[in-house]
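Pasted below: target31.csv, CSV, C-alpha atoms.
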chain,number,residue,atom,x,y,z
A,1,MET,CA,17.0,-30.2,-58.5
A,2,SER,CA,18.7,-31.5,-55.4
A,3,ASP,CA,22.1,-33.2,-55.6
A,4,THR,CA,21.1,-36.2,-53.5
A,5,LEU,CA,17.9,-37.3,-51.7
A,6,SER,CA,17.4,-36.7,-48.0
A,7,ASP,CA,17.5,-39.6,-45.6
A,8,SER,CA,13.8,-39.2,-45.0
A,9,ALA,CA,13.1,-39.5,-48.8
A,10,LEU,CA,15.4,-42.6,-49.0
A,11,ASP,CA,13.5,-44.1,-46.1
A,12,ARG,CA,10.2,-43.5,-47.9
A,13,ILE,CA,11.2,-45.1,-51.3
A,14,PHE,CA,13.6,-47.8,-50.1
A,15,ARG,CA,14.5,-48.3,-46.5
A,16,GLU,CA,11.3,-48.1,-44.6
A,17,ALA,CA,8.8,-48.9,-47.3
A,18,ARG,CA,7.0,-52.3,-46.8
A,19,THR,CA,4.5,-54.5,-48.6
A,20,PRO,CA,1.2,-54.5,-46.7
A,21,ASN,CA,-1.2,-57.4,-46.8
A,22,GLY,CA,-4.2,-55.3,-45.9
A,23,TRP,CA,-5.4,-51.8,-46.8
A,24,HIS,CA,-7.1,-48.9,-45.2
A,25,ASP,CA,-10.4,-47.9,-46.7
A,26,LYS,CA,-9.2,-44.7,-48.4
A,27,PRO,CA,-9.4,-44.4,-52.2
A,28,VAL,CA,-6.6,-43.9,-54.7
A,29,THR,CA,-7.9,-41.2,-57.0
A,30,GLU,CA,-7.7,-41.1,-60.8
A,31,GLN,CA,-5.6,-37.9,-60.3
A,32,GLN,CA,-3.1,-39.9,-58.2
A,33,ILE,CA,-2.9,-42.5,-60.9
A,34,HIS,CA,-2.1,-39.9,-63.5
A,35,GLU,CA,0.5,-38.4,-61.2
A,36,ILE,CA,2.2,-41.8,-60.8
A,37,TYR,CA,2.2,-42.3,-64.6
A,38,GLU,CA,3.6,-38.8,-65.3
A,39,LEU,CA,6.6,-39.7,-63.1
A,40,MET,CA,7.1,-43.3,-64.1
A,41,LYS,CA,7.1,-42.5,-67.9
A,42,MET,CA,10.2,-40.4,-67.4
A,43,GLY,CA,12.2,-43.5,-66.4
A,44,PRO,CA,14.6,-44.9,-69.0
A,45,THR,CA,13.6,-47.8,-71.2
A,46,SER,CA,15.8,-49.2,-74.0
A,47,ALA,CA,15.4,-46.9,-77.1
A,48,ASN,CA,12.4,-45.4,-75.2
A,49,GLN,CA,10.4,-48.5,-76.1
A,50,GLN,CA,7.9,-47.9,-73.3
A,51,PRO,CA,6.5,-51.4,-73.9
A,52,GLY,CA,4.4,-51.5,-70.7
A,53,ARG,CA,0.7,-51.4,-71.0
A,54,PHE,CA,-1.2,-50.7,-67.8
A,55,VAL,CA,-4.8,-51.3,-66.6
A,56,TRP,CA,-5.6,-49.6,-63.3
A,57,VAL,CA,-8.4,-51.5,-61.7
A,58,THR,CA,-10.4,-49.3,-59.2
A,59,SER,CA,-14.1,-50.2,-59.7
A,60,ASP,CA,-15.8,-53.0,-57.8
A,61,GLU,CA,-16.6,-54.7,-61.0
A,62,GLY,CA,-13.0,-54.6,-62.2
A,63,LYS,CA,-11.7,-55.9,-58.8
A,64,LYS,CA,-14.1,-58.8,-58.9
A,65,LYS,CA,-13.0,-59.7,-62.5
A,66,LEU,CA,-9.4,-59.5,-61.5
A,67,ALA,CA,-9.8,-61.4,-58.2
A,68,ALA,CA,-11.4,-64.2,-60.2
A,69,CYS,CA,-8.1,-64.6,-62.1
A,70,ALA,CA,-5.9,-64.5,-59.0
A,71,SER,CA,-4.5,-67.2,-56.8
A,72,ASP,CA,-6.5,-67.9,-53.6
A,73,GLY,CA,-4.0,-66.0,-51.4
A,74,ASN,CA,-4.4,-62.8,-53.5
A,75,LYS,CA,-8.1,-62.7,-54.2
A,76,ASP,CA,-9.0,-60.9,-50.9
A,77,LYS,CA,-6.1,-58.6,-51.2
A,78,ILE,CA,-7.3,-57.4,-54.7
A,79,LEU,CA,-10.8,-57.0,-53.4
A,80,ALA,CA,-9.6,-54.9,-50.4
A,81,ALA,CA,-7.1,-52.7,-52.2
A,82,PRO,CA,-8.3,-49.4,-53.5
A,83,ALA,CA,-6.5,-50.0,-56.8
A,84,THR,CA,-4.6,-52.8,-58.4
A,85,VAL,CA,-2.6,-52.2,-61.6
A,86,ILE,CA,-2.1,-54.9,-64.2
A,87,ILE,CA,1.4,-54.5,-65.6
A,88,GLY,CA,1.4,-55.8,-69.1
A,89,TYR,CA,3.4,-55.4,-72.3
A,90,ASP,CA,2.8,-55.1,-76.0
A,91,LEU,CA,4.5,-57.9,-78.1
A,92,ASP,CA,4.3,-55.4,-81.0
A,93,PHE,CA,5.7,-52.4,-79.2
A,94,HIS,CA,8.1,-51.8,-82.1
A,95,GLU,CA,5.2,-50.4,-84.2
A,96,GLN,CA,5.3,-47.4,-81.9
A,97,LEU,CA,9.0,-46.7,-82.2
A,98,PRO,CA,8.8,-44.3,-85.1
A,99,TRP,CA,7.3,-41.7,-82.8
A,100,LEU,CA,8.7,-42.9,-79.5
A,101,PHE,CA,12.3,-43.0,-80.8
A,102,PRO,CA,12.5,-40.7,-83.7
A,103,HIS,CA,16.3,-40.5,-83.7
A,104,THR,CA,16.7,-43.5,-85.8
A,105,ASP,CA,14.8,-46.4,-87.4
A,106,ALA,CA,14.6,-48.6,-84.3
A,107,LYS,CA,11.5,-50.4,-85.5
A,108,SER,CA,13.5,-52.2,-88.1
A,109,TRP,CA,15.7,-53.8,-85.3
A,110,PHE,CA,12.7,-55.8,-84.2
A,111,GLU,CA,10.8,-56.6,-87.4
A,112,GLY,CA,10.4,-60.3,-88.0
A,113,ASP,CA,12.0,-61.2,-84.6
A,114,GLU,CA,9.3,-61.9,-82.1
A,115,ASP,CA,11.7,-63.5,-79.7
A,116,ALA,CA,13.7,-60.3,-79.5
A,117,ARG,CA,10.6,-58.3,-79.0
A,118,LYS,CA,9.3,-60.5,-76.3
A,119,GLU,CA,12.5,-60.3,-74.4
A,120,SER,CA,12.8,-56.6,-74.7
A,121,ALA,CA,9.1,-56.0,-73.9
A,122,PHE,CA,9.4,-58.3,-70.8
A,123,ARG,CA,12.6,-56.7,-69.5
A,124,ASN,CA,11.6,-53.1,-70.1
A,125,SER,CA,8.0,-53.4,-68.9
A,126,ALA,CA,9.5,-54.8,-65.6
A,127,LEU,CA,11.7,-51.7,-65.3
A,128,GLN,CA,8.5,-49.6,-65.9
A,129,GLY,CA,6.7,-51.5,-63.1
A,130,ALA,CA,9.6,-50.8,-60.8
A,131,TYR,CA,9.4,-47.1,-61.6
A,132,LEU,CA,5.7,-47.3,-61.0
A,133,MET,CA,6.3,-48.6,-57.4
A,134,ILE,CA,8.9,-46.1,-56.6
A,135,ALA,CA,6.8,-43.3,-58.0
A,136,ALA,CA,3.7,-44.4,-56.0
A,137,ARG,CA,5.8,-44.6,-52.8
A,138,ALA,CA,7.3,-41.2,-53.6
A,139,LEU,CA,3.7,-39.8,-53.7
A,140,GLY,CA,2.8,-41.3,-50.4
A,141,LEU,CA,1.2,-44.6,-51.4
A,142,ASP,CA,2.1,-48.2,-50.4
A,143,CYS,CA,2.6,-51.0,-53.0
A,144,GLY,CA,1.7,-54.7,-52.9
A,145,PRO,CA,3.3,-56.4,-55.9
A,146,MET,CA,1.9,-59.9,-56.8
A,147,SER,CA,2.7,-62.6,-59.3
A,148,GLY,CA,0.3,-65.2,-58.1
A,149,PHE,CA,-2.4,-65.0,-60.8
A,150,ASP,CA,-3.5,-66.6,-64.1
A,151,LYS,CA,-1.8,-64.4,-66.7
A,152,GLU,CA,-3.6,-65.9,-69.6
A,153,ALA,CA,-7.0,-65.4,-68.0
A,154,THR,CA,-6.1,-61.9,-67.0
A,155,THR,CA,-4.9,-61.1,-70.5
A,156,LYS,CA,-8.2,-62.4,-72.0
A,157,ALA,CA,-10.3,-60.5,-69.4
A,158,PHE,CA,-8.6,-57.1,-69.6
A,159,PHE,CA,-6.8,-56.9,-72.9
A,160,ALA,CA,-9.4,-58.6,-75.1
A,161,ASP,CA,-9.4,-55.5,-77.5
A,162,GLN,CA,-5.6,-55.7,-77.9
A,163,PRO,CA,-4.6,-59.2,-79.1
A,164,ARG,CA,-0.9,-58.5,-78.8
A,165,TYR,CA,-0.9,-57.3,-75.2
A,166,ARG,CA,0.1,-59.7,-72.4
A,167,ALA,CA,-0.6,-59.3,-68.7
A,168,ASP,CA,2.6,-60.0,-66.7
A,169,TRP,CA,2.2,-59.0,-63.0
A,170,LEU,CA,0.1,-57.1,-60.6
A,171,CYS,CA,0.6,-54.3,-58.0
A,172,SER,CA,-2.0,-53.1,-55.5
A,173,LEU,CA,-1.8,-49.5,-54.5
A,174,GLY,CA,-3.2,-47.7,-51.5
A,175,TYR,CA,-2.6,-46.8,-47.9
A,176,GLY,CA,-1.3,-50.0,-46.3
A,177,ASP,CA,-2.5,-51.3,-43.0
A,178,MET,CA,0.9,-51.7,-41.4
A,179,THR,CA,-0.4,-54.2,-38.8
A,180,THR,CA,-0.6,-56.7,-41.8
A,181,VAL,CA,3.1,-56.5,-42.8
A,182,PHE,CA,5.2,-59.6,-42.4
A,183,ASP,CA,8.6,-59.5,-40.7
A,184,ARG,CA,11.2,-58.1,-43.1
A,185,SER,CA,12.9,-60.8,-45.0
A,186,PRO,CA,16.7,-60.9,-44.8
A,187,ARG,CA,18.7,-58.8,-47.2
A,188,PRO,CA,22.0,-60.1,-48.5
A,189,GLU,CA,25.4,-58.6,-47.5
A,190,PHE,CA,27.1,-56.9,-50.5
A,191,GLY,CA,29.6,-59.7,-51.0
A,192,THR,CA,26.9,-62.4,-51.4
A,193,PHE,CA,25.6,-61.5,-54.8
A,194,ASN,CA,28.1,-58.7,-55.9
A,195,LYS,CA,31.7,-58.4,-57.0
A,196,VAL,CA,33.8,-55.4,-58.0
A,197,VAL,CA,36.4,-56.1,-60.7
B,1,MET,CA,10.2,-40.7,-42.9
B,2,SER,CA,8.6,-38.1,-45.2
B,3,ASP,CA,5.1,-38.6,-46.5
B,4,THR,CA,5.9,-37.6,-50.0
B,5,LEU,CA,9.1,-36.6,-51.9
B,6,SER,CA,9.9,-33.0,-52.6
B,7,ASP,CA,9.6,-31.7,-56.2
B,8,SER,CA,13.4,-31.3,-56.2
B,9,ALA,CA,13.8,-35.0,-55.3
B,10,LEU,CA,11.3,-36.1,-57.9
B,11,ASP,CA,13.2,-34.0,-60.5
B,12,ARG,CA,16.4,-35.9,-59.5
B,13,ILE,CA,15.1,-39.4,-59.7
B,14,PHE,CA,12.6,-39.0,-62.5
B,15,ARG,CA,11.8,-35.7,-64.2
B,16,GLU,CA,15.2,-34.1,-64.8
B,17,ALA,CA,17.4,-37.2,-64.9
B,18,ARG,CA,18.9,-38.0,-68.3
B,19,THR,CA,21.0,-40.7,-69.9
B,20,PRO,CA,24.4,-39.2,-70.7
B,21,ASN,CA,26.6,-40.5,-73.6
B,22,GLY,CA,29.8,-39.2,-72.1
B,23,TRP,CA,31.3,-39.0,-68.6
B,24,HIS,CA,33.3,-36.6,-66.5
B,25,ASP,CA,36.6,-37.9,-65.3
B,26,LYS,CA,35.5,-38.4,-61.7
B,27,PRO,CA,35.6,-41.8,-60.1
B,28,VAL,CA,32.7,-43.8,-58.6
B,29,THR,CA,34.1,-45.2,-55.3
B,30,GLU,CA,33.6,-48.6,-53.9
B,31,GLN,CA,31.9,-46.9,-51.0
B,32,GLN,CA,29.3,-45.4,-53.4
B,33,ILE,CA,28.8,-48.8,-54.9
B,34,HIS,CA,28.0,-50.3,-51.5
B,35,GLU,CA,25.7,-47.4,-50.7
B,36,ILE,CA,23.7,-48.1,-53.9
B,37,TYR,CA,23.4,-51.7,-53.1
B,38,GLU,CA,22.3,-51.1,-49.5
B,39,LEU,CA,19.4,-49.1,-50.9
B,40,MET,CA,18.5,-51.2,-53.9
B,41,LYS,CA,18.4,-54.5,-51.9
B,42,MET,CA,15.5,-53.1,-49.9
B,43,GLY,CA,13.3,-52.9,-53.0
B,44,PRO,CA,10.6,-55.7,-53.3
B,45,THR,CA,11.2,-58.8,-55.3
B,46,SER,CA,8.8,-61.7,-55.5
B,47,ALA,CA,9.1,-63.8,-52.3
B,48,ASN,CA,12.4,-61.9,-51.7
B,49,GLN,CA,14.1,-63.9,-54.4
B,50,GLN,CA,16.8,-61.3,-55.0
B,51,PRO,CA,17.8,-63.2,-58.1
B,52,GLY,CA,20.0,-60.4,-59.5
B,53,ARG,CA,23.8,-60.9,-59.6
B,54,PHE,CA,25.9,-57.9,-60.1
B,55,VAL,CA,29.5,-57.3,-61.3
B,56,TRP,CA,30.6,-53.7,-60.9
B,57,VAL,CA,33.4,-53.1,-63.4
B,58,THR,CA,35.7,-50.2,-62.3
B,59,SER,CA,39.2,-51.3,-63.2
B,60,ASP,CA,40.8,-50.6,-66.6
B,61,GLU,CA,41.3,-54.3,-67.1
B,62,GLY,CA,37.6,-55.0,-66.4
B,63,LYS,CA,36.5,-52.2,-68.7
B,64,LYS,CA,38.6,-53.5,-71.6
B,65,LYS,CA,37.2,-57.0,-71.1
B,66,LEU,CA,33.6,-55.7,-71.0
B,67,ALA,CA,34.1,-53.3,-73.9
B,68,ALA,CA,35.3,-56.3,-76.0
B,69,CYS,CA,31.9,-57.9,-75.5
B,70,ALA,CA,29.9,-54.7,-76.3
B,71,SER,CA,28.4,-53.4,-79.6
B,72,ASP,CA,30.5,-50.8,-81.4
B,73,GLY,CA,28.4,-48.0,-80.2
B,74,ASN,CA,28.9,-48.9,-76.6
B,75,LYS,CA,32.6,-49.8,-76.4
B,76,ASP,CA,33.8,-46.2,-76.0
B,77,LYS,CA,31.1,-45.5,-73.5
B,78,ILE,CA,32.2,-48.4,-71.3
B,79,LEU,CA,35.8,-47.4,-71.5
B,80,ALA,CA,35.0,-43.8,-70.6
B,81,ALA,CA,32.5,-44.5,-67.7
B,82,PRO,CA,34.0,-44.7,-64.2
B,83,ALA,CA,31.9,-47.8,-63.5
B,84,THR,CA,29.6,-50.1,-65.5
B,85,VAL,CA,27.6,-52.7,-63.7
B,86,ILE,CA,26.6,-56.0,-65.3
B,87,ILE,CA,23.1,-56.9,-64.2
B,88,GLY,CA,22.8,-60.7,-64.3
B,89,TYR,CA,20.7,-63.3,-62.6
B,90,ASP,CA,21.0,-66.8,-61.2
B,91,LEU,CA,19.0,-69.5,-62.9
B,92,ASP,CA,19.2,-71.4,-59.6
B,93,PHE,CA,18.2,-68.5,-57.3
B,94,HIS,CA,15.7,-70.8,-55.6
B,95,GLU,CA,18.6,-72.6,-53.8
B,96,GLN,CA,18.9,-69.4,-51.7
B,97,LEU,CA,15.2,-69.1,-50.8
B,98,PRO,CA,15.4,-71.1,-47.5
B,99,TRP,CA,17.4,-68.2,-46.0
B,100,LEU,CA,16.0,-65.3,-48.1
B,101,PHE,CA,12.3,-66.2,-47.6
B,102,PRO,CA,12.2,-68.2,-44.3
B,103,HIS,CA,8.4,-67.8,-43.9
B,104,THR,CA,7.6,-70.8,-46.1
B,105,ASP,CA,9.1,-73.4,-48.3
B,106,ALA,CA,9.4,-71.2,-51.4
B,107,LYS,CA,12.2,-73.3,-52.9
B,108,SER,CA,9.8,-76.1,-53.6
B,109,TRP,CA,7.8,-73.9,-55.9
B,110,PHE,CA,10.6,-73.7,-58.3
B,111,GLU,CA,12.3,-77.2,-58.1
B,112,GLY,CA,12.3,-79.0,-61.4
B,113,ASP,CA,10.8,-76.0,-63.3
B,114,GLU,CA,13.6,-74.2,-65.0
B,115,ASP,CA,11.2,-72.2,-67.2
B,116,ALA,CA,9.5,-70.8,-64.1
B,117,ARG,CA,12.8,-70.0,-62.6
B,118,LYS,CA,14.1,-68.3,-65.7
B,119,GLU,CA,11.0,-66.1,-66.0
B,120,SER,CA,11.1,-65.1,-62.4
B,121,ALA,CA,14.8,-64.4,-62.3
B,122,PHE,CA,14.5,-62.3,-65.5
B,123,ARG,CA,11.6,-60.2,-64.2
B,124,ASN,CA,12.8,-59.7,-60.7
B,125,SER,CA,16.4,-59.0,-61.7
B,126,ALA,CA,15.1,-56.3,-64.0
B,127,LEU,CA,13.2,-54.8,-61.1
B,128,GLN,CA,16.4,-54.8,-59.1
B,129,GLY,CA,18.2,-53.1,-62.0
B,130,ALA,CA,15.6,-50.4,-61.9
B,131,TYR,CA,16.1,-50.0,-58.2
B,132,LEU,CA,19.8,-49.7,-58.8
B,133,MET,CA,19.3,-46.8,-61.3
B,134,ILE,CA,16.9,-45.0,-59.0
B,135,ALA,CA,19.3,-45.5,-56.0
B,136,ALA,CA,22.3,-44.3,-58.0
B,137,ARG,CA,20.4,-41.2,-59.1
B,138,ALA,CA,19.2,-40.6,-55.5
B,139,LEU,CA,22.8,-40.6,-54.4
B,140,GLY,CA,23.8,-38.0,-57.0
B,141,LEU,CA,25.0,-40.2,-59.9
B,142,ASP,CA,23.9,-40.5,-63.5
B,143,CYS,CA,23.0,-43.8,-65.2
B,144,GLY,CA,23.6,-45.0,-68.7
B,145,PRO,CA,21.7,-48.3,-69.2
B,146,MET,CA,22.7,-50.4,-72.3
B,147,SER,CA,21.5,-53.6,-73.9
B,148,GLY,CA,23.8,-53.6,-77.0
B,149,PHE,CA,26.3,-56.3,-76.0
B,150,ASP,CA,27.0,-60.0,-76.4
B,151,LYS,CA,25.3,-61.6,-73.4
B,152,GLU,CA,26.8,-65.0,-73.9
B,153,ALA,CA,30.4,-63.6,-74.2
B,154,THR,CA,29.9,-61.4,-71.1
B,155,THR,CA,28.5,-64.3,-69.1
B,156,LYS,CA,31.6,-66.4,-70.0
B,157,ALA,CA,34.0,-63.5,-69.3
B,158,PHE,CA,32.5,-62.4,-65.9
B,159,PHE,CA,30.6,-65.3,-64.5
B,160,ALA,CA,33.0,-68.1,-65.4
B,161,ASP,CA,33.0,-69.3,-61.8
B,162,GLN,CA,29.2,-69.4,-61.6
B,163,PRO,CA,27.9,-71.6,-64.4
B,164,ARG,CA,24.2,-70.8,-63.6
B,165,TYR,CA,24.5,-67.0,-63.7
B,166,ARG,CA,23.6,-65.1,-66.9
B,167,ALA,CA,24.5,-61.6,-67.8
B,168,ASP,CA,21.4,-59.6,-68.9
B,169,TRP,CA,22.1,-55.9,-69.3
B,170,LEU,CA,24.5,-53.2,-68.5
B,171,CYS,CA,24.4,-49.8,-66.8
B,172,SER,CA,27.2,-47.3,-66.7
B,173,LEU,CA,27.4,-45.0,-63.6
B,174,GLY,CA,29.2,-41.8,-63.0
B,175,TYR,CA,28.9,-38.0,-63.4
B,176,GLY,CA,27.4,-37.5,-66.8
B,177,ASP,CA,28.7,-34.9,-69.3
B,178,MET,CA,25.3,-33.3,-70.0
B,179,THR,CA,26.6,-31.9,-73.3
B,180,THR,CA,26.4,-35.5,-74.6
B,181,VAL,CA,22.7,-36.0,-73.8
B,182,PHE,CA,20.3,-36.6,-76.8
B,183,ASP,CA,17.1,-34.7,-77.1
B,184,ARG,CA,14.5,-36.1,-74.7
B,185,SER,CA,12.4,-38.7,-76.6
B,186,PRO,CA,8.7,-38.2,-76.5
B,187,ARG,CA,6.7,-39.5,-73.6
B,188,PRO,CA,3.2,-40.9,-74.1
B,189,GLU,CA,0.0,-39.2,-72.8
B,190,PHE,CA,-1.7,-41.2,-70.1
B,191,GLY,CA,-4.5,-42.5,-72.4
B,192,THR,CA,-2.1,-44.0,-75.0
B,193,PHE,CA,-0.9,-47.0,-73.0
B,194,ASN,CA,-3.2,-46.9,-69.9
B,195,LYS,CA,-6.8,-47.4,-69.0
B,196,VAL,CA,-8.7,-47.2,-65.7
B,197,VAL,CA,-11.5,-49.7,-65.2

The structure given in the file should be rewritten as structure tokens.
Amino acid sequence: MSDTLSDSALDRIFREARTPNGWHDKPVTEQQIHEIYELMKMGPTSANQQPGRFVWVTSDEGKKKLAACASDGNKDKILAAPATVIIGYDLDFHEQLPWLFPHTDAKSWFEGDEDARKESAFRNSALQGAYLMIAARALGLDCGPMSGFDKEATTKAFFADQPRYRADWLCSLGYGDMTTVFDRSPRPEFGTFNKVV
Amino acid sequence: MSDTLSDSALDRIFREARTPNGWHDKPVTEQQIHEIYELMKMGPTSANQQPGRFVWVTSDEGKKKLAACASDGNKDKILAAPATVIIGYDLDFHEQLPWLFPHTDAKSWFEGDEDARKESAFRNSALQGAYLMIAARALGLDCGPMSGFDKEATTKAFFADQPRYRADWLCSLGYGDMTTVFDRSPRPEFGTFNKVV
């Protein structure tokens, strides 16, 4: 593997990547979705918890159901995007730890402590969602993350068969229409929110 | 910029990257820390909140202070790593939104709602921590994320001057001793935690 990424690669995943507000009419295939997951699942989570649960919405029916749960500003974006993934988590992810983290009895760390599970599921599924966005960009797609939606309604609509799963945020995927991008918001100088000690 | 990343680049940031448990005696420079931040700050956060607050611990004194707040299994790792960053967040990040997100009055969305601020700060600072790890790997470093430490003691020790900041997790950075890596934990098949609808 390379020692460092090229400038061109860094541009793609960080420096030049932007959030579009409209999408070209070009599908995201199920194979691309699998390729994203094969990359993102390699990213680190605490004790390999992998608490994220993902619903990739690509059908017209699915998009309508999800748009119905979204804030007004996001409904049209969801209907227009070729795919939107619901990033959720499992409040009982610890049940999977015996096979996900076979080195030790990590399940016992979380038994009887739902607050600790919720915190860890929330933090680590967010990490997984970030890996998802970087992986999608690395494979040539654009990302449109969103948090304006009804989480409870989305949980009911998409995780009805899994009563311990919770929807947390959304990310549209596709080929962005770059005429719909807002001006880049300012980024802080190092010293504003960092210190070295 | 490139359309997609090379296999070699994907190996570096996802497929071949591993969490070391020991570190080579080679420093992480302040310039490298700045380079990481210049990349990670470009990653998307909701309404450009950038709620993460980062303390990069590189001095012997800082490492000792942080190791004193860590669980027994992490103390030696912190002392050995050339740098460990404390990923924290600002419960009052909304005060910065007038300049970080000048498009609209996003500050008003969060005024008087500390629960909403805490949730958004927690989720979005986790995203920023994931960008930090990918950026560090992209620049040739290895990462050792950790959540076994006393968050309250660390908050007191490192954010004493900022009463609304909270420490959330840690990540060591450096050149990993790959003889200290554990066997790769299993990764789920797509169908285990995903569905396409």

Q | From A:Thr45, A:Thr155, A:Thr179, A:Gln32, residue lying nearest chain B [all atoms listed in the file] | A | A:Thr45

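Among the candidate residues B:Leu5, B:Leu132, B:Ala81, B:Ala17, the one lying nearest to chain A is B:Leu5, with distances computed using only C-alpha atoms.
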
Residues of chain B within 7 Å of chain A, counting all atoms listed in the file - could you list those as a PDB file with C-alpha atoms, in the frame of the given file?
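Generated output (part.pdb):
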ATOM      1  CA  MET B   1      10.200 -40.700 -42.900  1.00  0.00           C
ATOM      2  CA  SER B   2       8.600 -38.100 -45.200  1.00  0.00           C
ATOM      3  CA  ASP B   3       5.100 -38.600 -46.500  1.00  0.00           C
ATOM      4  CA  THR B   4       5.900 -37.600 -50.000  1.00  0.00           C
ATOM      5  CA  LEU B   5       9.100 -36.600 -51.900  1.00  0.00           C
ATOM      6  CA  SER B   8      13.400 -31.300 -56.200  1.00  0.00           C
ATOM      7  CA  ALA B   9      13.800 -35.000 -55.300  1.00  0.00           C
ATOM      8  CA  ASP B  11      13.200 -34.000 -60.500  1.00  0.00           C
ATOM      9  CA  ARG B  12      16.400 -35.900 -59.500  1.00  0.00           C
ATOM     10  CA  PHE B  14      12.600 -39.000 -62.500  1.00  0.00           C
ATOM     11  CA  ARG B  15      11.800 -35.700 -64.200  1.00  0.00           C
ATOM     12  CA  HIS B  34      28.000 -50.300 -51.500  1.00  0.00           C
ATOM     13  CA  TYR B  37      23.400 -51.700 -53.100  1.00  0.00           C
ATOM     14  CA  LEU B  39      19.400 -49.100 -50.900  1.00  0.00           C
ATOM     15  CA  LYS B  41      18.400 -54.500 -51.900  1.00  0.00           C
ATOM     16  CA  MET B  42      15.500 -53.100 -49.900  1.00  0.00           C
ATOM     17  CA  GLY B  43      13.300 -52.900 -53.000  1.00  0.00           C
ATOM     18  CA  ASN B  48      12.400 -61.900 -51.700  1.00  0.00           C
ATOM     19  CA  ARG B  53      23.800 -60.900 -59.600  1.00  0.00           C
ATOM     20  CA  PHE B  54      25.900 -57.900 -60.100  1.00  0.00           C
ATOM     21  CA  VAL B  55      29.500 -57.300 -61.300  1.00  0.00           C
ATOM     22  CA  TRP B  56      30.600 -53.700 -60.900  1.00  0.00           C
ATOM     23  CA  VAL B  57      33.400 -53.100 -63.400  1.00  0.00           C
ATOM     24  CA  THR B  58      35.700 -50.200 -62.300  1.00  0.00           C
ATOM     25  CA  SER B  59      39.200 -51.300 -63.200  1.00  0.00           C
ATOM     26  CA  GLY B  62      37.600 -55.000 -66.400  1.00  0.00           C
ATOM     27  CA  LEU B 100      16.000 -65.300 -48.100  1.00  0.00           C
ATOM     28  CA  PHE B 101      12.300 -66.200 -47.600  1.00  0.00           C
ATOM     29  CA  ARG B 123      11.600 -60.200 -64.200  1.00  0.00           C
ATOM     30  CA  ALA B 126      15.100 -56.300 -64.000  1.00  0.00           C
ATOM     31  CA  LEU B 127      13.200 -54.800 -61.100  1.00  0.00           C
ATOM     32  CA  ALA B 130      15.600 -50.400 -61.900  1.00  0.00           C
ATOM     33  CA  ALA B 138      19.200 -40.600 -55.500  1.00  0.00           C
ATOM     34  CA  LEU B 139      22.800 -40.600 -54.400  1.00  0.00           C
ATOM     35  CA  GLY B 140      23.800 -38.000 -57.000  1.00  0.00           C
ATOM     36  CA  SER B 185      12.400 -38.700 -76.600  1.00  0.00           C
ATOM     37  CA  PRO B 186       8.700 -38.200 -76.500  1.00  0.00           C
ATOM     38  CA  ARG B 187       6.700 -39.500 -73.600  1.00  0.00           C
ATOM     39  CA  PHE B 190      -1.700 -41.200 -70.100  1.00  0.00           C
ATOM     40  CA  PHE B 193      -0.900 -47.000 -73.000  1.00  0.00           C
ATOM     41  CA  ASN B 194      -3.200 -46.900 -69.900  1.00  0.00           C
ATOM     42  CA  LYS B 195      -6.800 -47.400 -69.000  1.00  0.00           C
ATOM     43  CA  VAL B 196      -8.700 -47.200 -65.700  1.00  0.00           C
ATOM     44  CA  VAL B 197     -11.500 -49.700 -65.200  1.00  0.00           C
TER      45      VAL B 197
END

(Q) I need the residue nearest Val28 in chain B from this list: B:Thr154, B:Asp115, B:Ser172, B:Pro82. Use only C-alpha atoms for the distance. (A)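 Comparing B:Thr154, B:Asp115, B:Ser172, B:Pro82 against Val28 in chain B, the winner is B:Pro82.
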
Q.
Just the number, please: distance in Å from CA of Pro20 in chain B to CA of Glu95 in chain A, one decimal.
A.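 Rounded to one decimal, the two atoms are 26.0 Å apart.
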
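For the residues B:Gly112, B:Asn21, B:Thr104, B:Pro98, ranking by smallest atom-to-atom distance to Asp76 in chain B using only C-alpha atoms places B:Asn21 first.
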
Q: Write out as a list in words each polymer residue whose atoms come within 10 Å of Lys75 in chain B, counting only C-alpha atoms; drop sequence neighbours fewer than 4 positions from it.
A: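 So the residues in contact are Lys63, Lys64, Leu66, Ala67, Ala68, Cys69, Ala70, Ser71, Leu79, Ala80, Gly148 and Phe149 of chain B.
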
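Pairwise distance (CA of His24 in chain B, CA of Asp177 in chain B) equals 5.6 Å.
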
(Q) What's the separation between CA of Ile78 in chain A and CA of Ile36 in chain A, in Å to one decimal place? (A) 19.3 Å

**Q.** Selection: 9 Å around His94 in chain B, only C-alpha atoms, excl. self and same-chain fewer than 4 positions, as number ranges by chain
**A.** B: 49, 51, 90, 98, 106-111, 117

Q: Rank A:Pro27, A:Lys65, A:Phe93, A:Tyr175 by their smallest atom-to-atom distance to Gln162 in chain A, using all atoms listed in the file, and report the top residue only.
A: A:Phe93
